[in-house]
Every structure is written in structure tokens, then in C-alpha cells.
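Visitor: Contents of data.txt (compact mmCIF, C-alpha atoms) are below:
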```txt
# COMPACT_ATOMS: atom_id res chain seq x y z
CA MET A 1 57.34 140.87 43.36
CA ALA A 2 55.56 140.85 40.01
CA GLY A 3 58.84 139.83 38.39
CA PHE A 4 59.09 136.77 40.64
CA ILE A 5 55.52 135.78 39.80
CA VAL A 6 56.17 136.16 36.06
CA ALA A 7 59.39 134.16 36.41
CA GLY A 8 57.50 131.43 38.27
CA TRP A 9 54.77 131.43 35.61
CA HIS A 10 57.38 130.72 32.93
CA SER A 11 59.71 128.40 34.88
CA ILE A 12 57.29 126.41 37.07
CA GLY A 13 54.15 126.83 34.99
CA PRO A 14 50.78 128.15 36.18
CA GLU A 15 49.17 124.70 36.03
CA GLN A 16 51.42 123.35 38.81
CA PRO A 17 50.12 123.41 42.42
CA VAL A 18 53.57 124.51 43.61
CA PHE A 19 53.20 127.66 41.50
CA ALA A 20 49.98 128.56 43.33
CA ILE A 21 51.63 128.04 46.72
CA VAL A 22 54.73 130.05 45.76
CA VAL A 23 52.49 132.87 44.51
CA GLN A 24 50.54 132.97 47.77
CA PHE A 25 53.70 133.15 49.87
CA LEU A 26 55.17 135.86 47.61
CA LEU A 27 51.96 137.84 47.98
CA MET A 28 52.00 137.43 51.77
CA ALA A 29 55.63 138.57 51.93
CA TRP A 30 54.73 141.63 49.86
CA ALA A 31 51.74 142.40 52.12
CA ALA A 32 53.83 141.97 55.28
CA PHE A 33 56.12 144.77 54.12
CA THR A 34 53.27 146.95 52.82
CA VAL A 35 50.62 146.75 55.54
CA THR A 36 52.66 147.21 58.72
CA GLU A 37 52.08 148.83 62.10
CA HIS A 38 53.03 152.12 60.39
CA PHE A 39 49.89 151.80 58.27
CA PRO A 40 47.37 154.51 59.25
CA PRO A 41 44.69 153.46 61.75
CA LEU A 42 41.76 151.79 60.03
CA ARG A 43 38.43 153.24 61.11
CA GLY A 44 34.87 153.10 59.85
CA ARG A 45 31.79 150.93 59.71
CA TRP A 46 33.43 148.27 57.50
CA TRP A 47 35.50 147.06 60.45
CA ARG A 48 32.54 146.43 62.75
CA VAL A 49 31.42 142.81 62.75
CA SER A 50 27.70 142.29 63.17
CA GLU A 51 26.20 139.31 64.94
CA ARG A 52 24.90 138.13 61.55
CA GLN A 53 28.45 138.20 60.13
CA ALA A 54 29.79 136.40 63.20
CA SER A 55 27.14 133.72 62.73
CA PHE A 56 28.05 133.34 59.05
CA LEU A 57 31.74 133.04 59.95
CA ARG A 58 30.95 130.25 62.40
CA MET A 59 28.84 128.42 59.79
CA ALA A 60 31.64 128.81 57.21
CA GLY A 61 34.00 126.89 59.50
CA VAL A 62 36.27 129.77 60.43
CA GLY A 63 36.55 128.46 64.00
CA ALA A 64 37.75 125.09 62.72
CA PHE A 65 40.26 126.88 60.50
CA GLY A 66 41.54 128.77 63.56
CA ARG A 67 41.89 125.52 65.51
CA LEU A 68 43.82 124.00 62.59
CA LEU A 69 46.22 126.96 62.76
CA THR A 70 46.70 126.24 66.46
CA VAL A 71 47.47 122.57 65.76
CA VAL A 72 50.10 123.41 63.11
CA GLY A 73 51.67 126.05 65.39
CA TRP A 74 50.88 129.15 63.35
CA ASN A 75 48.91 130.85 66.13
CA ARG A 76 51.93 130.57 68.44
CA VAL A 77 54.05 132.44 65.86
CA ILE A 78 51.40 135.15 65.42
CA THR A 79 50.90 135.55 69.18
CA ARG A 80 54.63 136.24 69.57
CA GLU A 81 54.56 138.70 66.67
CA ARG A 82 51.57 140.61 68.03
CA ASN A 83 53.03 140.78 71.55
CA TYR A 84 49.97 142.52 73.00
CA GLN A 85 49.14 143.20 76.62
CA VAL A 86 45.88 142.03 78.17
CA THR A 87 44.75 145.58 78.91
CA ARG A 88 42.17 147.79 77.23
CA ALA A 89 44.95 149.52 75.26
CA GLY A 90 46.41 146.15 74.34
CA MET A 91 43.04 144.88 73.12
CA LEU A 92 42.55 148.02 71.01
CA ALA A 93 46.02 147.50 69.50
CA LEU A 94 45.12 143.87 68.79
CA GLU A 95 41.93 145.01 67.09
CA GLN A 96 43.94 147.33 64.82
CA HIS A 97 46.32 144.46 64.08
CA THR A 98 43.40 142.29 62.97
CA ARG A 99 42.22 145.10 60.70
CA ARG A 100 45.65 145.40 59.08
CA SER A 101 45.86 141.63 58.68
CA GLU A 102 42.45 141.58 57.05
CA VAL A 103 43.52 144.29 54.59
CA ALA A 104 46.72 142.41 53.78
CA HIS A 105 44.89 139.12 53.15
CA LEU A 106 42.20 140.82 51.05
CA LEU A 107 44.83 142.54 48.90
CA CYS A 108 46.51 139.16 48.40
CA ALA A 109 43.14 137.56 47.62
CA ALA A 110 42.46 140.18 44.95
CA ALA A 111 45.84 139.50 43.37
CA GLY A 112 45.26 135.73 43.59
CA LEU A 113 41.88 136.13 41.92
CA GLY A 114 43.47 138.25 39.18
CA LEU A 115 46.09 135.58 38.57
CA ALA A 116 43.40 132.88 38.46
CA VAL A 117 41.59 134.88 35.78
CA ALA A 118 44.88 135.27 33.90
CA ALA A 119 45.39 131.51 34.07
CA LEU A 120 41.90 130.96 32.65
CA VAL A 121 42.57 133.43 29.84
CA ALA A 122 45.88 131.65 29.15
CA GLY A 123 43.93 128.40 28.80
CA THR A 124 45.13 126.59 31.91
CA SER A 125 42.02 125.81 33.93
CA PRO A 126 43.97 123.51 36.32
CA GLY A 127 46.21 126.49 37.11
CA ALA A 128 43.18 128.70 37.69
CA ALA A 129 41.70 126.07 40.00
CA TRP A 130 44.93 125.75 42.03
CA LEU A 131 45.18 129.53 42.31
CA MET A 132 41.56 129.80 43.47
CA VAL A 133 41.87 127.01 46.05
CA SER A 134 45.12 128.43 47.42
CA THR A 135 43.57 131.93 47.53
CA ILE A 136 40.56 130.67 49.47
CA VAL A 137 42.64 128.68 51.97
CA LEU A 138 45.58 131.06 52.40
CA GLN A 139 43.89 134.46 51.96
CA LEU A 140 40.09 134.45 52.28
CA TYR A 141 39.85 132.17 55.32
CA PRO A 142 42.56 134.12 57.17
CA ALA A 143 40.72 137.39 56.36
CA MET A 144 37.50 135.89 57.72
CA LEU A 145 39.40 134.68 60.78
CA GLN A 146 40.49 138.27 61.47
CA ARG A 147 36.83 139.34 61.39
CA SER A 148 35.93 136.48 63.72
CA VAL A 149 38.62 137.55 66.21
CA ARG A 150 37.30 141.12 66.01
CA ALA A 151 33.76 139.90 66.72
CA ARG A 152 35.02 138.36 69.95
CA LEU A 153 37.11 141.44 70.78
CA GLY A 154 34.06 143.65 70.19
CA ARG A 155 32.39 142.06 73.19
CA VAL A 156 35.36 143.01 75.39
CA VAL A 157 36.47 146.47 74.19
```
Taking this structure as input, can you express it in the form of C-alpha cells?

Guide:
Amino acid sequence: MAGFIVAGWHSIGPEQPVFAIVVQFLLMAWAAFTVTEHFPPLRGRWWRVSERQASFLRMAGVGAFGRLLTVVGWNRVITRERNYQVTRAGMLALEQHTRRSEVAHLLCAAAGLGLAVAALVAGTSPGAAWLMVSTIVLQLYPAMLQRSVRARLGRVV
């Protein structure tokens, strides 16, 4: 994956918006193969979503982001992929899926942030800006959406 990103850096150029988008999709493809259902169960206090966090997520517009994903059809794709049952066991499996998705998006966000810093060091502030914007929209908001879903699930399971 790193080789593809380096190749894109040299062929497309880090200052191009298409480079930022290609990078985000490469990172998501990498995460999809790394953080799978075979990933160990994720436990601990980090995964609990407090009411204060849920309130912050609402104020940050995460609900609107989720509705946008419904409009463009992404939620339909994800619902098919998750294929969960509306039972207690199914809800617990869905909760684990949201945890894995959050990990995947946060790993991608860290890589996106690292690439934005590299673009700044290389002297291309437009490239850094495109990488940051694409990281926020395609990685951070989806990670926050996973937390928001878990806040709702926490009331049920």
C-alpha cells in the first residue's frame, strides 16, 4: 500500500485533490483487510460512549453526516455487509463491528494526518489541506459515527 501512495505522490502530485481521495480509498482498502471480523474482540472503557460524548457528537453534526450517507446509498451497502440479526446477540455483534470500524477509520486518520504533515514538510500546503479535509470527511466523521451508533446501541444492549 505504501508503494501505491508513493507512486501517487510522484505521478499525481500531493497538491492535487484527486491524490488525497486516492490515498483515503487506498487506506480504507488496507484497513478493510487488516481490521476484519477475525480481529480480537475489543473491550475496555474506551469503547463506552458517555452521554457527554453523545451530546458532542450530535453538536458536531454526526447525525447529519449519517443521513448524508443514507442519501448517497452507503448505509444500504454497510447494512448488507453487516448482516446482523435484531436479537441481543445480533446487537452485540453489531456493537463489535462498530468498534472494529472505528479502529479502522482511526488508523486511516492517523496515516492521513502523517501524510498531511509530510506534505507540509515537502512545501505543498494545498496538498496538506486536501489531505486534512479528506481525512476529516472520510475518516474522522465515520469514526465519530461509529461512536454515535454505539451510544444508541448502549441504550438497547

Visitor: Within 10 Å of Ala122 in chain A, counting all atoms listed in the file, which residues qualify if same-chain residues fewer than 6 places away don't, as an MDAnalysis selection string?

Guide: chainID A and resid 14 116 128

Visitor: Please determine, counting only C-alpha atoms, which residue among A:Ser101, A:Thr124, A:Asn75, A:Ser148 has the shortest atom-to-atom distance to Phe33 in chain A.

Guide: A:Ser101

Visitor: Using only C-alpha atoms, which residue out of A:Leu69, A:Ala143, A:Thr36, A:Gly114 lies closest to Val23 in chain A?

Guide: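 Result for the nearest residue to Val23 in chain A: A:Gly114.
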
Visitor: What is the distance between CA of Trp30 in chain A and CA of Met1 in chain A, in Å to one decimal?

Guide: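 Atom-to-atom, CA of Trp30 in chain A to CA of Met1 in chain A, that is 7.0 Å.
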
Visitor: Take CA of Ala31 in chain A and CA of Ala2 in chain A and report the distance between them in Å, one decimal.

Guide: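 So the two atoms, CA of Ala31 in chain A and CA of Ala2 in chain A, lie 12.8 Å apart.
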
Visitor: List the spatial neighbours of Ala151 in chain A as a VMD selection string - criterion: any atom at most 8 Å away, all atoms listed in the file, same-chain residues fewer than 6 positions off excluded.

Guide: chain A and resid 48 to 51 54

Visitor: Name all residues at most 9 Å from Gln146 in chain A (count all atoms listed in the file; drop same-chain ones fewer than 6 positions away) and give them as a list in words.

Guide: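 The contact residues come out as Glu95, His97, Thr98, Arg99, Ser101 and Glu102 of chain A.
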
Visitor: One decimal, Å: what's the distance from CA of Cys108 in chain A over to CA of Gln85 in chain A, could you say?

Guide: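 So the two atoms, CA of Cys108 in chain A and CA of Gln85 in chain A, lie 28.6 Å apart.
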